[in-house]
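Coordinates from work-v1.txt are shown below (compact mmCIF, C-alpha atoms and all ligand atoms).
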```
# COMPACT_ATOMS: atom_id res chain seq x y z
CA MET A 189 27.88 20.47 30.28
CA ASN A 190 27.24 17.08 28.66
CA GLN A 191 26.59 18.78 25.32
CA ARG A 192 29.91 20.61 25.57
CA LEU A 193 31.74 17.34 26.37
CA GLY A 194 29.93 15.69 23.45
CA ARG A 195 31.08 18.39 21.03
CA ARG A 196 34.62 18.11 22.30
CA SER A 197 34.54 14.32 21.72
CA ILE A 198 33.26 14.84 18.16
CA VAL A 199 36.05 17.33 17.40
CA PHE A 200 38.58 14.89 18.84
CA ALA A 201 37.20 12.00 16.77
CA TRP A 202 37.21 14.19 13.63
CA THR A 203 40.84 15.10 14.23
CA LEU A 204 41.77 11.42 14.60
CA TRP A 205 39.87 10.53 11.40
CA VAL A 206 41.53 13.31 9.40
CA SER A 207 44.94 12.15 10.64
CA ALA A 208 44.15 8.55 9.72
CA ALA A 209 42.91 9.60 6.27
CA GLY A 210 46.16 11.53 5.78
CA VAL A 211 48.20 8.43 6.57
CA VAL A 212 46.17 6.33 4.11
CA SER A 213 46.47 8.80 1.24
CA ALA A 214 50.20 9.25 1.89
CA GLY A 215 50.71 5.47 1.71
CA GLU A 216 48.60 4.68 -1.37
CA LEU A 217 51.35 2.52 -2.91
CA THR A 218 51.11 0.12 0.05
CA PRO A 219 48.55 -2.65 -0.57
CA PRO A 220 45.64 -2.67 1.88
CA ALA A 221 45.83 -5.05 4.81
CA GLY A 222 43.88 -8.33 4.80
CA PRO A 223 43.21 -10.98 2.19
CA VAL A 224 42.97 -10.00 -1.47
CA ALA A 225 39.35 -9.85 -2.65
CA PRO A 226 38.43 -12.51 -5.24
CA THR A 227 38.09 -11.35 -8.85
CA PRO A 228 34.36 -11.19 -9.72
CA GLY A 229 33.29 -14.30 -11.62
CA PRO A 230 30.75 -14.49 -14.43
CA GLU A 231 27.29 -13.04 -13.64
CA PRO A 232 25.34 -16.01 -12.22
CA ARG A 233 22.07 -14.51 -13.44
CA ILE A 234 20.74 -14.45 -16.97
CA ALA A 235 20.48 -11.22 -18.98
CA ILE A 236 17.15 -10.71 -20.75
CA ASN A 237 18.04 -10.22 -24.42
CA GLU A 238 17.52 -11.62 -27.90
CA ALA A 239 20.15 -14.33 -27.39
CA ASN A 240 19.08 -15.62 -23.97
CA THR A 241 15.33 -15.05 -24.00
CA PRO A 242 14.25 -14.73 -27.62
CA GLY A 243 10.71 -13.60 -28.28
CA HIS A 244 8.03 -14.82 -30.64
CA SER A 245 4.97 -13.45 -32.35
CA GLY A 246 3.28 -12.88 -28.97
CA ALA A 247 6.06 -11.52 -26.79
CA THR A 248 9.23 -9.44 -27.12
CA PHE A 249 11.03 -11.71 -24.66
CA VAL A 250 10.05 -15.18 -23.45
CA ILE A 251 11.47 -16.87 -20.36
CA THR A 252 11.28 -20.64 -20.81
CA GLN A 253 13.53 -21.92 -18.01
CA PRO A 254 13.47 -21.34 -14.23
CA GLY A 255 16.13 -18.93 -13.06
CA SER A 256 17.13 -15.44 -12.06
CA TYR A 257 16.87 -12.90 -14.89
CA PHE A 258 17.71 -9.22 -15.20
CA LEU A 259 17.34 -6.36 -17.63
CA THR A 260 20.37 -4.62 -19.04
CA GLY A 261 18.47 -1.65 -20.45
CA ASN A 262 15.01 -0.24 -21.03
CA VAL A 263 12.54 -2.35 -23.00
CA THR A 264 10.19 -0.80 -25.53
CA GLY A 265 6.99 -2.73 -26.18
CA GLU A 266 5.56 -3.86 -29.50
CA SER A 267 1.98 -3.85 -30.66
CA GLY A 268 0.23 -7.18 -30.10
CA LYS A 269 2.97 -8.50 -27.76
CA TYR A 270 3.75 -8.95 -24.10
CA GLY A 271 7.00 -7.37 -22.98
CA ILE A 272 8.25 -10.35 -20.99
CA LEU A 273 6.29 -13.59 -20.89
CA ILE A 274 7.16 -15.98 -18.07
CA GLN A 275 6.35 -19.60 -18.91
CA PRO A 276 7.80 -21.74 -16.07
CA SER A 277 7.63 -21.56 -12.27
CA ARG A 278 10.47 -20.29 -10.09
CA VAL A 279 11.47 -17.22 -12.05
CA THR A 280 12.80 -13.95 -10.69
CA VAL A 281 12.85 -10.91 -12.98
CA ASP A 282 14.99 -8.05 -11.73
CA LEU A 283 14.20 -4.95 -13.76
CA ASN A 284 17.55 -3.75 -12.51
CA GLY A 285 16.36 -0.17 -12.28
CA PHE A 286 15.22 -0.03 -15.91
CA ALA A 287 11.86 0.82 -17.45
CA MET A 288 9.56 -1.30 -19.58
CA ILE A 289 7.56 1.06 -21.76
CA GLY A 290 4.62 -0.16 -23.79
CA VAL A 291 3.17 1.21 -26.98
CA THR A 292 -0.37 1.48 -28.33
CA GLY A 293 -1.77 -2.00 -28.89
CA SER A 294 0.83 -3.77 -26.73
CA LEU A 295 -0.30 -6.41 -24.21
CA ASP A 296 0.95 -6.70 -20.59
CA GLY A 297 4.43 -5.48 -19.71
CA ILE A 298 5.16 -8.66 -17.74
CA ALA A 299 2.83 -11.65 -17.70
CA ALA A 300 3.03 -15.25 -16.52
CA PHE A 301 1.48 -18.44 -17.80
CA PRO A 302 -1.52 -19.75 -15.82
CA GLY A 303 -0.65 -21.93 -12.87
CA VAL A 304 3.02 -21.01 -12.49
CA LYS A 305 4.31 -20.40 -8.98
CA ASP A 306 7.18 -18.77 -7.14
CA ILE A 307 7.47 -15.65 -9.31
CA VAL A 308 9.33 -12.52 -8.22
CA VAL A 309 9.37 -9.18 -10.08
CA ARG A 310 11.35 -6.31 -8.65
CA ASN A 311 13.11 -3.01 -8.96
CA GLY A 312 12.02 -0.97 -11.95
CA SER A 313 9.08 0.59 -13.76
CA VAL A 314 6.33 -0.48 -16.16
CA ALA A 315 4.46 2.21 -18.05
CA SER A 316 2.03 2.75 -20.90
CA TRP A 317 1.26 -0.89 -21.73
CA GLY A 318 -1.86 -1.66 -23.73
CA ARG A 319 -3.06 -3.96 -20.95
CA SER A 320 -1.57 -4.24 -17.44
CA GLY A 321 1.90 -3.21 -16.34
CA VAL A 322 2.54 -6.46 -14.46
CA ASP A 323 -0.10 -9.16 -14.68
CA LEU A 324 0.62 -12.18 -12.50
CA ALA A 325 -3.07 -12.83 -11.82
CA ASN A 326 -2.77 -16.47 -12.76
CA ALA A 327 0.42 -17.15 -10.79
CA VAL A 328 0.50 -18.23 -7.17
CA ASN A 329 3.05 -17.52 -4.46
CA GLY A 330 5.20 -14.59 -5.44
CA ALA A 331 6.41 -11.11 -4.77
CA VAL A 332 6.34 -7.75 -6.52
CA GLU A 333 8.81 -5.43 -4.86
CA GLY A 334 9.90 -1.90 -5.62
CA VAL A 335 8.03 -1.71 -8.92
CA VAL A 336 6.30 1.47 -10.09
CA ALA A 337 3.50 1.34 -12.65
CA SER A 338 2.00 4.28 -14.48
CA ASP A 339 -0.42 5.00 -17.31
CA ASN A 340 -1.12 1.40 -18.23
CA GLU A 341 -4.45 0.80 -19.96
CA GLN A 342 -5.60 -1.81 -17.46
CA ILE A 343 -4.24 -2.64 -13.97
CA GLY A 344 -0.90 -1.25 -12.88
CA LEU A 345 0.27 -4.23 -10.82
CA ARG A 346 -1.81 -7.37 -10.58
CA SER A 347 -0.98 -10.43 -8.53
CA GLY A 348 -2.39 -13.88 -8.07
CA SER A 349 -2.94 -15.52 -4.72
CA ASN A 350 -0.39 -15.59 -1.90
CA PHE A 351 1.67 -12.64 -3.06
CA ILE A 352 3.58 -9.94 -1.23
CA ILE A 353 3.38 -6.57 -2.95
CA SER A 354 5.68 -4.13 -1.24
CA ARG A 355 7.09 -0.64 -1.81
CA CYS A 356 5.27 -0.20 -5.09
CA ALA A 357 3.57 2.82 -6.64
CA ALA A 358 0.72 2.90 -9.15
CA SER A 359 -0.45 6.05 -10.84
CA GLY A 360 -2.81 6.79 -13.72
CA ASN A 361 -3.54 3.18 -14.59
CA GLY A 362 -6.90 1.97 -15.93
CA VAL A 363 -8.17 5.48 -16.44
CA ALA A 364 -10.22 4.66 -19.55
CA THR A 365 -11.10 1.13 -18.40
CA GLY A 366 -11.96 1.83 -14.75
CA GLN A 367 -9.39 -0.63 -13.42
CA ASN A 368 -7.32 -0.64 -10.24
CA GLY A 369 -3.83 0.63 -9.59
CA ILE A 370 -2.75 -2.39 -7.54
CA HIS A 371 -4.91 -5.48 -7.42
CA ALA A 372 -4.48 -8.87 -5.73
CA ASN A 373 -6.52 -11.82 -6.95
CA GLY A 374 -7.00 -13.68 -3.69
CA HIS A 375 -4.79 -13.71 -0.64
CA ALA A 376 -2.03 -11.10 -0.38
CA VAL A 377 0.02 -8.83 1.79
CA ILE A 378 0.24 -5.32 0.35
CA GLU A 379 2.51 -3.01 2.28
CA HIS A 380 4.00 0.43 1.89
CA CYS A 381 2.46 1.08 -1.49
CA THR A 382 0.85 4.18 -2.94
CA ALA A 383 -1.90 4.46 -5.55
CA VAL A 384 -2.91 7.77 -7.06
CA GLY A 385 -5.28 8.71 -9.86
CA ASN A 386 -6.12 5.23 -11.10
CA GLY A 387 -9.42 4.68 -12.93
CA GLY A 388 -10.78 2.06 -10.54
CA SER A 389 -9.76 1.57 -6.93
CA GLY A 390 -6.30 2.49 -5.75
CA ILE A 391 -5.61 -0.80 -4.01
CA GLY A 392 -7.72 -3.93 -4.34
CA GLY A 393 -6.24 -5.88 -1.46
CA GLY A 394 -7.69 -9.32 -1.98
CA SER A 395 -9.68 -11.30 0.54
CA LEU A 396 -9.73 -14.04 3.18
CA GLY A 397 -6.76 -13.23 5.34
CA SER A 398 -5.17 -10.48 3.29
CA VAL A 399 -3.29 -7.57 4.83
CA VAL A 400 -3.04 -4.01 3.56
CA TRP A 401 -0.62 -2.14 5.74
CA GLY A 402 0.96 1.28 5.60
CA CYS A 403 -0.47 2.20 2.19
CA ALA A 404 -1.76 5.47 0.76
CA ALA A 405 -4.47 5.96 -1.87
CA ARG A 406 -5.78 9.23 -3.25
CA ASP A 407 -7.79 10.58 -6.15
CA ASN A 408 -8.75 7.15 -7.47
CA GLY A 409 -11.94 6.61 -9.48
CA ALA A 410 -13.52 4.11 -7.10
CA PHE A 411 -12.40 3.05 -3.58
CA GLY A 412 -9.09 4.10 -2.09
CA VAL A 413 -8.46 0.69 -0.50
CA THR A 414 -10.90 -2.20 -0.81
CA VAL A 415 -10.73 -5.73 0.58
CA GLY A 416 -13.07 -8.68 0.82
CA ASP A 417 -13.94 -10.61 3.97
CA ARG A 418 -11.63 -11.31 6.92
CA CYS A 419 -8.78 -8.95 6.16
CA LEU A 420 -6.65 -6.48 8.05
CA ILE A 421 -6.25 -2.87 7.00
CA ALA A 422 -3.89 -0.92 9.23
CA ASP A 423 -2.07 2.39 9.18
CA CYS A 424 -3.36 3.44 5.78
CA ALA A 425 -4.40 6.83 4.44
CA ALA A 426 -7.14 7.42 1.85
CA PHE A 427 -7.96 10.83 0.45
CA SER A 428 -10.30 12.22 -2.17
CA ASN A 429 -11.32 8.96 -3.79
CA GLU A 430 -14.55 8.87 -5.77
CA ASN A 431 -16.20 6.12 -3.72
CA ASP A 432 -15.35 5.08 -0.12
CA GLY A 433 -11.87 5.80 1.15
CA ILE A 434 -11.68 2.37 2.80
CA HIS A 435 -14.12 -0.38 1.93
CA ALA A 436 -14.08 -3.69 3.79
CA GLY A 437 -16.10 -6.89 3.83
CA GLY A 438 -17.13 -8.85 6.92
CA GLY A 439 -14.83 -9.92 9.74
CA CYS A 440 -12.17 -7.30 9.04
CA THR A 441 -9.96 -5.23 11.31
CA ILE A 442 -9.55 -1.57 10.33
CA ASN A 443 -7.15 0.17 12.65
CA GLY A 444 -5.19 3.38 12.74
CA CYS A 445 -6.25 4.72 9.34
CA THR A 446 -7.00 8.22 8.14
CA SER A 447 -9.70 8.53 5.50
CA SER A 448 -10.85 11.96 4.45
CA GLY A 449 -12.39 13.96 1.66
CA ASN A 450 -13.76 10.92 -0.14
CA SER A 451 -16.96 11.21 -2.15
CA ARG A 452 -18.75 8.49 -0.23
CA ASP A 453 -17.87 6.96 3.17
CA GLY A 454 -14.56 7.40 4.93
CA ILE A 455 -14.80 3.78 6.06
CA GLU A 456 -17.52 1.39 5.00
CA ALA A 457 -17.52 -2.08 6.52
CA ALA A 458 -19.85 -5.06 6.66
CA GLY A 459 -20.53 -7.04 9.85
CA SER A 460 -18.25 -8.63 12.47
CA CYS A 461 -15.49 -6.03 12.14
CA LEU A 462 -13.24 -4.27 14.61
CA ILE A 463 -12.97 -0.59 13.70
CA THR A 464 -10.65 1.24 16.05
CA GLY A 465 -8.51 4.32 16.27
CA ASN A 466 -9.32 5.79 12.86
CA VAL A 467 -9.73 9.39 11.80
CA CYS A 468 -12.41 10.23 9.22
CA ALA A 469 -12.90 13.84 8.17
CA ALA A 470 -15.08 15.53 5.58
CA ASN A 471 -16.31 12.46 3.74
CA GLY A 472 -19.43 12.47 1.58
CA ALA A 473 -17.62 15.29 -0.12
CA GLY A 474 -19.54 17.37 -2.60
CA ALA A 475 -22.98 16.44 -3.86
CA VAL A 476 -22.45 12.72 -3.25
CA ASP A 477 -23.75 11.20 0.00
CA GLY A 478 -21.43 9.66 2.58
CA ALA A 479 -20.60 9.07 6.24
CA GLY A 480 -17.38 9.15 8.23
CA ILE A 481 -17.86 5.55 9.36
CA HIS A 482 -20.62 3.43 7.87
CA VAL A 483 -21.30 -0.09 9.13
CA THR A 484 -23.84 -2.12 7.20
CA GLY A 485 -23.96 -5.36 9.20
CA PRO A 486 -24.17 -6.63 12.82
CA ASP A 487 -21.56 -7.78 15.33
CA SER A 488 -18.94 -5.07 14.90
CA ARG A 489 -17.05 -3.26 17.65
CA ILE A 490 -16.51 0.39 16.75
CA GLU A 491 -14.28 2.08 19.27
CA GLY A 492 -12.13 5.12 19.75
CA ASN A 493 -12.55 6.69 16.33
CA ASN A 494 -12.75 10.41 15.62
CA VAL A 495 -15.15 11.55 12.93
CA SER A 496 -15.70 15.07 11.75
CA GLY A 497 -17.75 16.65 8.99
CA GLY A 498 -19.56 14.78 6.25
CA ASP A 499 -23.21 14.16 5.56
CA ARG A 500 -23.36 11.72 8.49
CA GLY A 501 -20.73 11.10 11.13
CA MET A 502 -21.29 7.61 12.56
CA ASP A 503 -23.77 5.64 10.49
CA VAL A 504 -24.78 2.15 11.64
CA ASP A 505 -27.55 0.61 9.58
CA VAL A 506 -28.54 -2.46 11.62
CA SER A 507 -28.74 -3.71 15.21
CA GLY A 508 -26.24 -5.85 17.10
CA ASN A 509 -23.13 -3.66 17.23
CA ILE A 510 -21.20 -2.12 20.12
CA ILE A 511 -20.24 1.52 19.59
CA ILE A 512 -18.05 2.96 22.32
CA ARG A 513 -15.68 5.83 23.09
CA ASN A 514 -15.98 7.49 19.70
CA SER A 515 -16.15 11.23 19.10
CA VAL A 516 -18.15 12.84 16.30
CA SER A 517 -18.41 16.47 15.38
CA GLY A 518 -19.52 18.75 12.62
CA ALA A 519 -21.44 16.33 10.37
CA THR A 520 -24.81 17.32 8.97
CA THR A 521 -26.19 14.41 11.06
CA ASN A 522 -23.59 13.42 13.63
CA TRP A 523 -25.11 10.07 14.67
CA ASP A 524 -27.40 7.82 12.65
CA ILE A 525 -27.57 4.60 14.65
CA ALA A 526 -30.24 1.95 14.08
CA THR A 527 -32.18 0.62 17.06
CA GLY A 528 -30.79 -2.32 19.02
CA ASN A 529 -27.11 -1.33 19.32
CA LYS A 530 -25.02 -0.87 22.45
CA CYS A 531 -24.40 2.86 22.25
CA LEU A 532 -24.54 5.91 24.49
CA VAL A 533 -24.06 9.31 22.90
CA VAL A 534 -23.46 12.33 25.10
CA ASN A 535 -23.40 15.88 23.84
CA GLY A 536 -20.17 17.08 25.43
CA VAL A 537 -20.11 20.18 27.61
CA ASN A 538 -17.71 22.95 26.62
CA ALA A 539 -15.18 24.12 29.15
CA GLY A 540 -14.13 27.72 29.45
CA ALA A 541 -10.59 28.69 28.61
CA ILE A 542 -8.00 26.87 30.67
CA SER A 543 -4.69 28.38 31.65
CA GLY A 544 -2.51 27.17 34.50
CA THR A 545 -2.93 24.06 36.60
CA SER A 546 -6.66 23.31 36.62
CA GLY A 547 -9.94 24.13 34.95
CA GLY A 548 -12.69 22.75 32.78
CA VAL A 549 -15.91 20.94 33.57
CA SER A 550 -17.08 17.37 33.31
CA ILE A 551 -17.55 16.50 29.68
CA GLY A 552 -21.05 15.28 30.51
CA SER A 553 -20.71 11.62 31.49
CA THR A 554 -18.49 9.43 33.61
CA ASP A 555 -19.60 6.32 31.72
CA PRO A 556 -16.28 4.94 30.43
CA TRP A 557 -17.97 3.64 27.27
CA ALA A 558 -19.77 6.84 26.32
CA ASN A 559 -19.44 8.35 22.87
CA PHE A 560 -19.36 12.11 22.60
CA THR A 561 -20.62 14.73 20.27
CA TYR A 562 -18.48 17.84 20.52
CA CA B 1 -22.21 15.18 0.39
CA CA B 2 -27.74 4.36 7.98
```

In structure tokens, how does this file's structure come out?
Ligand SMILES: [Ca+2]
Ligand SMILES: [Ca+2]
Amino acid sequence: MNQRLGRRSIVFAWTLWVSAAGVVSAGELTPPAGPVAPTPGPEPRIAINEANTPGHSGATFVITQPGSYFLTGNVTGESGKYGILIQPSRVTVDLNGFAMIGVTGSLDGIAAFPGVKDIVVRNGSVASWGRSGVDLANAVNGAVEGVVASDNEQIGLRSGSNFIISRCAASGNGVATGQNGIHANGHAVIEHCTAVGNGGSGIGGGSLGSVVWGCAARDNGAFGVTVGDRCLIADCAAFSNENDGIHAGGGCTINGCTSSGNSRDGIEAAGSCLITGNVCAANGAGAVDGAGIHVTGPDSRIEGNNVSGGDRGMDVDVSGNIIIRNSVSGATTNWDIATGNKCLVVNGVNAGAISGTSGGVSIGSTDPWANFTY
């Protein structure tokens, strides 16, 4: 009944809209109601071109004054030169939807002088540069937003400390040099990025308070996502990377990730971590050795993860951890837990088929902290 009323309302609204549209088109000689919009003034930003940002022997374009800059077309690199070299602090470069395309022997697509700060690069692509696509490793405090980087010889997108890297994609970078797709030097937030087929790790997320959130990394030559100590990795997916899918230092949180089909561990973490709610399937893929979750230090809490397949399921090398409410199945060795950890593993009991309103049997323990093999 409600659905029918809803449809009737939509038809009624459509009829009204069509009538209104008819009135507007019939009266097109009548000026629209309301104040007249102001005529657009001169572009307050600065176009990147030979007149405004002339280059020199080391760069096609050089930005020498703070300000907001934009491209007006694609840029083709030159051998021995940066594409755009940023010299002062407080510069925004809007690629304006255009591409910066390097050539053999070119340097970085976009680079900044050491020590500059407050640098923003956004909205376009950087490909095939002889070094990195965007290299802001020596800048501090900035943002790289909506930039895609492919087939650069070194790193796709590289930031300095205190950067936000968001909605970026990096593919096929550093293949010959073994370098990362996206890489933060120091503290960073990296969110909603993807890294595929880079020579080194997909995402090198920095350290000491960095966040990698909502990112995806597959088929990279080293780790999918790697961070140093005291970072947060959440809601990420890593697949088919040639080392660990997710690799974290000490004191990290790793939550809600899926890491599967990697050559080594699904998740490897040092001590003092919280590892919760992750899914790790079929890691240690192929001849290489790996575990679903591998913890190499003490003082971690490992809870509520599901691990399946792999050479080892849950692999904890040292004492002093608490391992609770996980489930592991189908690994060559499901549990490999060093002595001196808080851990109860119960081989779960299979229920018969269940149909209707009740059935099954106790899984094998009422201990609320038990881990299960199944
Ligand atoms: Ca293996
Ligand atoms: Ca071990």

Problem - Contacts with ligand CA 1 (chain B) at most 10 Å, all atoms listed in the file counted, listed as a list in words - result: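 For ligand CA 1 (chain B), the residues inside 10 Å are Gly449, Asn450, Ser451, Arg452, Asp453, Ala470, Asn471, Gly472, Ala473, Gly474, Ala475, Val476, Asp477, Gly478, Ala479, Gly497, Gly498, Asp499, Arg500 and Thr520 of chain A.
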
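In this comparison, which uses all atoms listed in the file, the residue of A:Gly480, A:Gly243, A:Gly362, A:Gly255 approaching ligand CA 2 (chain B) most closely is A:Gly480.
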
Each residue of chain A lying at most 10 Å from ligand CA 2 (chain B) should get a row with its shortest atom-to-atom pair and the distance in Å to one decimal, counting all atoms listed in the file; could you produce that, ordered by chain and increasing number, as a tab-separated table?
```
residue	atom	partner	partner_atom	distance
A:Gly478	CA	B:CA2	CA	9.9
A:Ala479	CA	B:CA2	CA	8.7
A:His482	CA	B:CA2	CA	7.2
A:Val483	CA	B:CA2	CA	7.9
A:Thr484	CA	B:CA2	CA	7.6
A:Arg500	CA	B:CA2	CA	8.6
A:Met502	CA	B:CA2	CA	8.6
A:Asp503	CA	B:CA2	CA	4.9
A:Val504	CA	B:CA2	CA	5.2
A:Asp505	CA	B:CA2	CA	4.1
A:Val506	CA	B:CA2	CA	7.8
A:Trp523	CA	B:CA2	CA	9.2
A:Asp524	CA	B:CA2	CA	5.8
A:Ile525	CA	B:CA2	CA	6.7
A:Ala526	CA	B:CA2	CA	7.0
```

Exercise for the section: In Å, rounded to a single decimal, give me how far CA of Ala327 (chain A) is from CA of Arg278 (chain A). Expected result: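 Distance between the two atoms: 10.6 Å.
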
Handout entry: Atom pair CA of Gly439 (chain A) / CA of Arg513 (chain A): separation (Å)
Key =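 Rounded to one decimal, the two atoms are 20.7 Å apart.
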
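Every protein or nucleic acid residue with an atom no more than 7 Å from Asn386 (chain A), counting all atoms listed in the file and leaving out same-chain residues fewer than 6 positions away, appears here: A:Ser359, A:Gly360, A:Asn361, A:Gly362, A:Val363, A:Asn368, A:Gly369, A:Asn408, A:Gly409.
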
Handout entry: Which of A:Ile236, A:Gly540, A:Val533, A:Ile289 sits closest to Pro556 (chain A) [using all atoms listed in the file]
Key =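 Going through A:Ile236, A:Gly540, A:Val533, A:Ile289 one by one, the smallest distance to Pro556 (chain A) is for A:Val533.
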
Handout entry: Distance of CA of Asn326 (chain A) from CA of Cys381 (chain A), expressed in Å to one decimal place
Key =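 Atom-to-atom, CA of Cys381 (chain A) to CA of Asn326 (chain A), that is 21.5 Å.
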
Practice task
Can you pull out every residue within 12 Å of Glu238 (chain A), counting only C-alpha atoms, but drop anything in the same chain fewer than 5 positions away, and send it as a ChimeraX atom specification?
Solution key: /A:243-244,247-251,259-260,263,272

Handout entry: Neighbour residues at most 12 Å from (-22.9, -3.4, 7.7) (all atoms listed in the file) as a PyMOL selection string
Key = chain A and resi 435-440+455-463+481-490+503-509+525-526

Just to be explicit: take each residue in the selection above, keep C-alpha atoms, and write the result as a PDB file, keeping the file's coordinate frame.
```
ATOM      1  CA  HIS A 435     -14.120  -0.380   1.930  1.00  0.00           C
ATOM      2  CA  ALA A 436     -14.080  -3.690   3.790  1.00  0.00           C
ATOM      3  CA  GLY A 437     -16.100  -6.890   3.830  1.00  0.00           C
ATOM      4  CA  GLY A 438     -17.130  -8.850   6.920  1.00  0.00           C
ATOM      5  CA  GLY A 439     -14.830  -9.920   9.740  1.00  0.00           C
ATOM      6  CA  CYS A 440     -12.170  -7.300   9.040  1.00  0.00           C
ATOM      7  CA  ILE A 455     -14.800   3.780   6.060  1.00  0.00           C
ATOM      8  CA  GLU A 456     -17.520   1.390   5.000  1.00  0.00           C
ATOM      9  CA  ALA A 457     -17.520  -2.080   6.520  1.00  0.00           C
ATOM     10  CA  ALA A 458     -19.850  -5.060   6.660  1.00  0.00           C
ATOM     11  CA  GLY A 459     -20.530  -7.040   9.850  1.00  0.00           C
ATOM     12  CA  SER A 460     -18.250  -8.630  12.470  1.00  0.00           C
ATOM     13  CA  CYS A 461     -15.490  -6.030  12.140  1.00  0.00           C
ATOM     14  CA  LEU A 462     -13.240  -4.270  14.610  1.00  0.00           C
ATOM     15  CA  ILE A 463     -12.970  -0.590  13.700  1.00  0.00           C
ATOM     16  CA  ILE A 481     -17.860   5.550   9.360  1.00  0.00           C
ATOM     17  CA  HIS A 482     -20.620   3.430   7.870  1.00  0.00           C
ATOM     18  CA  VAL A 483     -21.300  -0.090   9.130  1.00  0.00           C
ATOM     19  CA  THR A 484     -23.840  -2.120   7.200  1.00  0.00           C
ATOM     20  CA  GLY A 485     -23.960  -5.360   9.200  1.00  0.00           C
ATOM     21  CA  PRO A 486     -24.170  -6.630  12.820  1.00  0.00           C
ATOM     22  CA  ASP A 487     -21.560  -7.780  15.330  1.00  0.00           C
ATOM     23  CA  SER A 488     -18.940  -5.070  14.900  1.00  0.00           C
ATOM     24  CA  ARG A 489     -17.050  -3.260  17.650  1.00  0.00           C
ATOM     25  CA  ILE A 490     -16.510   0.390  16.750  1.00  0.00           C
ATOM     26  CA  ASP A 503     -23.770   5.640  10.490  1.00  0.00           C
ATOM     27  CA  VAL A 504     -24.780   2.150  11.640  1.00  0.00           C
ATOM     28  CA  ASP A 505     -27.550   0.610   9.580  1.00  0.00           C
ATOM     29  CA  VAL A 506     -28.540  -2.460  11.620  1.00  0.00           C
ATOM     30  CA  SER A 507     -28.740  -3.710  15.210  1.00  0.00           C
ATOM     31  CA  GLY A 508     -26.240  -5.850  17.100  1.00  0.00           C
ATOM     32  CA  ASN A 509     -23.130  -3.660  17.230  1.00  0.00           C
ATOM     33  CA  ILE A 525     -27.570   4.600  14.650  1.00  0.00           C
ATOM     34  CA  ALA A 526     -30.240   1.950  14.080  1.00  0.00           C
TER      35      ALA A 526
END
```

Handout entry: Nearest to Val308 (chain A), chosen from A:Gly293, A:Pro254, A:Gly454, A:Gly344, with all atoms listed in the file counted in the distances
Key =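 The closest residue to Val308 (chain A) is A:Pro254.
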
Exercise for the section: Tell me which of A:Ser245, A:Asn443, A:Ser267, A:Ser313 sits closest to Gly334 (chain A), counting only C-alpha atoms. Expected result: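 With only C-alpha atoms as the atom set, the closest residue is A:Ser313.
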
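Summary of the local environment: counting all atoms listed in the file, residues at most 7 Å from Gly465 (chain A), other than itself and those fewer than 3 positions away along its chain, are A:Asn443, A:Gly444, A:Glu491, A:Gly492, A:Asn493.
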
Handout entry: Selected residue of minimal separation from Cys403 (chain A) among A:Cys468, A:Gly385, A:Val336, A:Ala422, counting only C-alpha atoms
Key = A:Ala422

Exercise for the section: For Gly330 (chain A), please output as an MDAnalysis selection string all residues within 8 Å (counting all atoms listed in the file; exclusion window: fewer than 5 positions along the same chain). Expected result: chainID A and resid 305:308 350:352

Problem - Which residue of A:Ala325, A:Ala315, A:Cys356, A:Cys419 approaches Glu341 (chain A) most closely, using only C-alpha atoms - result: A:Ala315

Exercise for the section: Write out as a list in words the residues lying within 8 Å of Gly246 (chain A), counting all atoms listed in the file and excluding same-chain residues fewer than 3 positions away. Expected result: Gly243, Gly268, Lys269 and Tyr270 of chain A
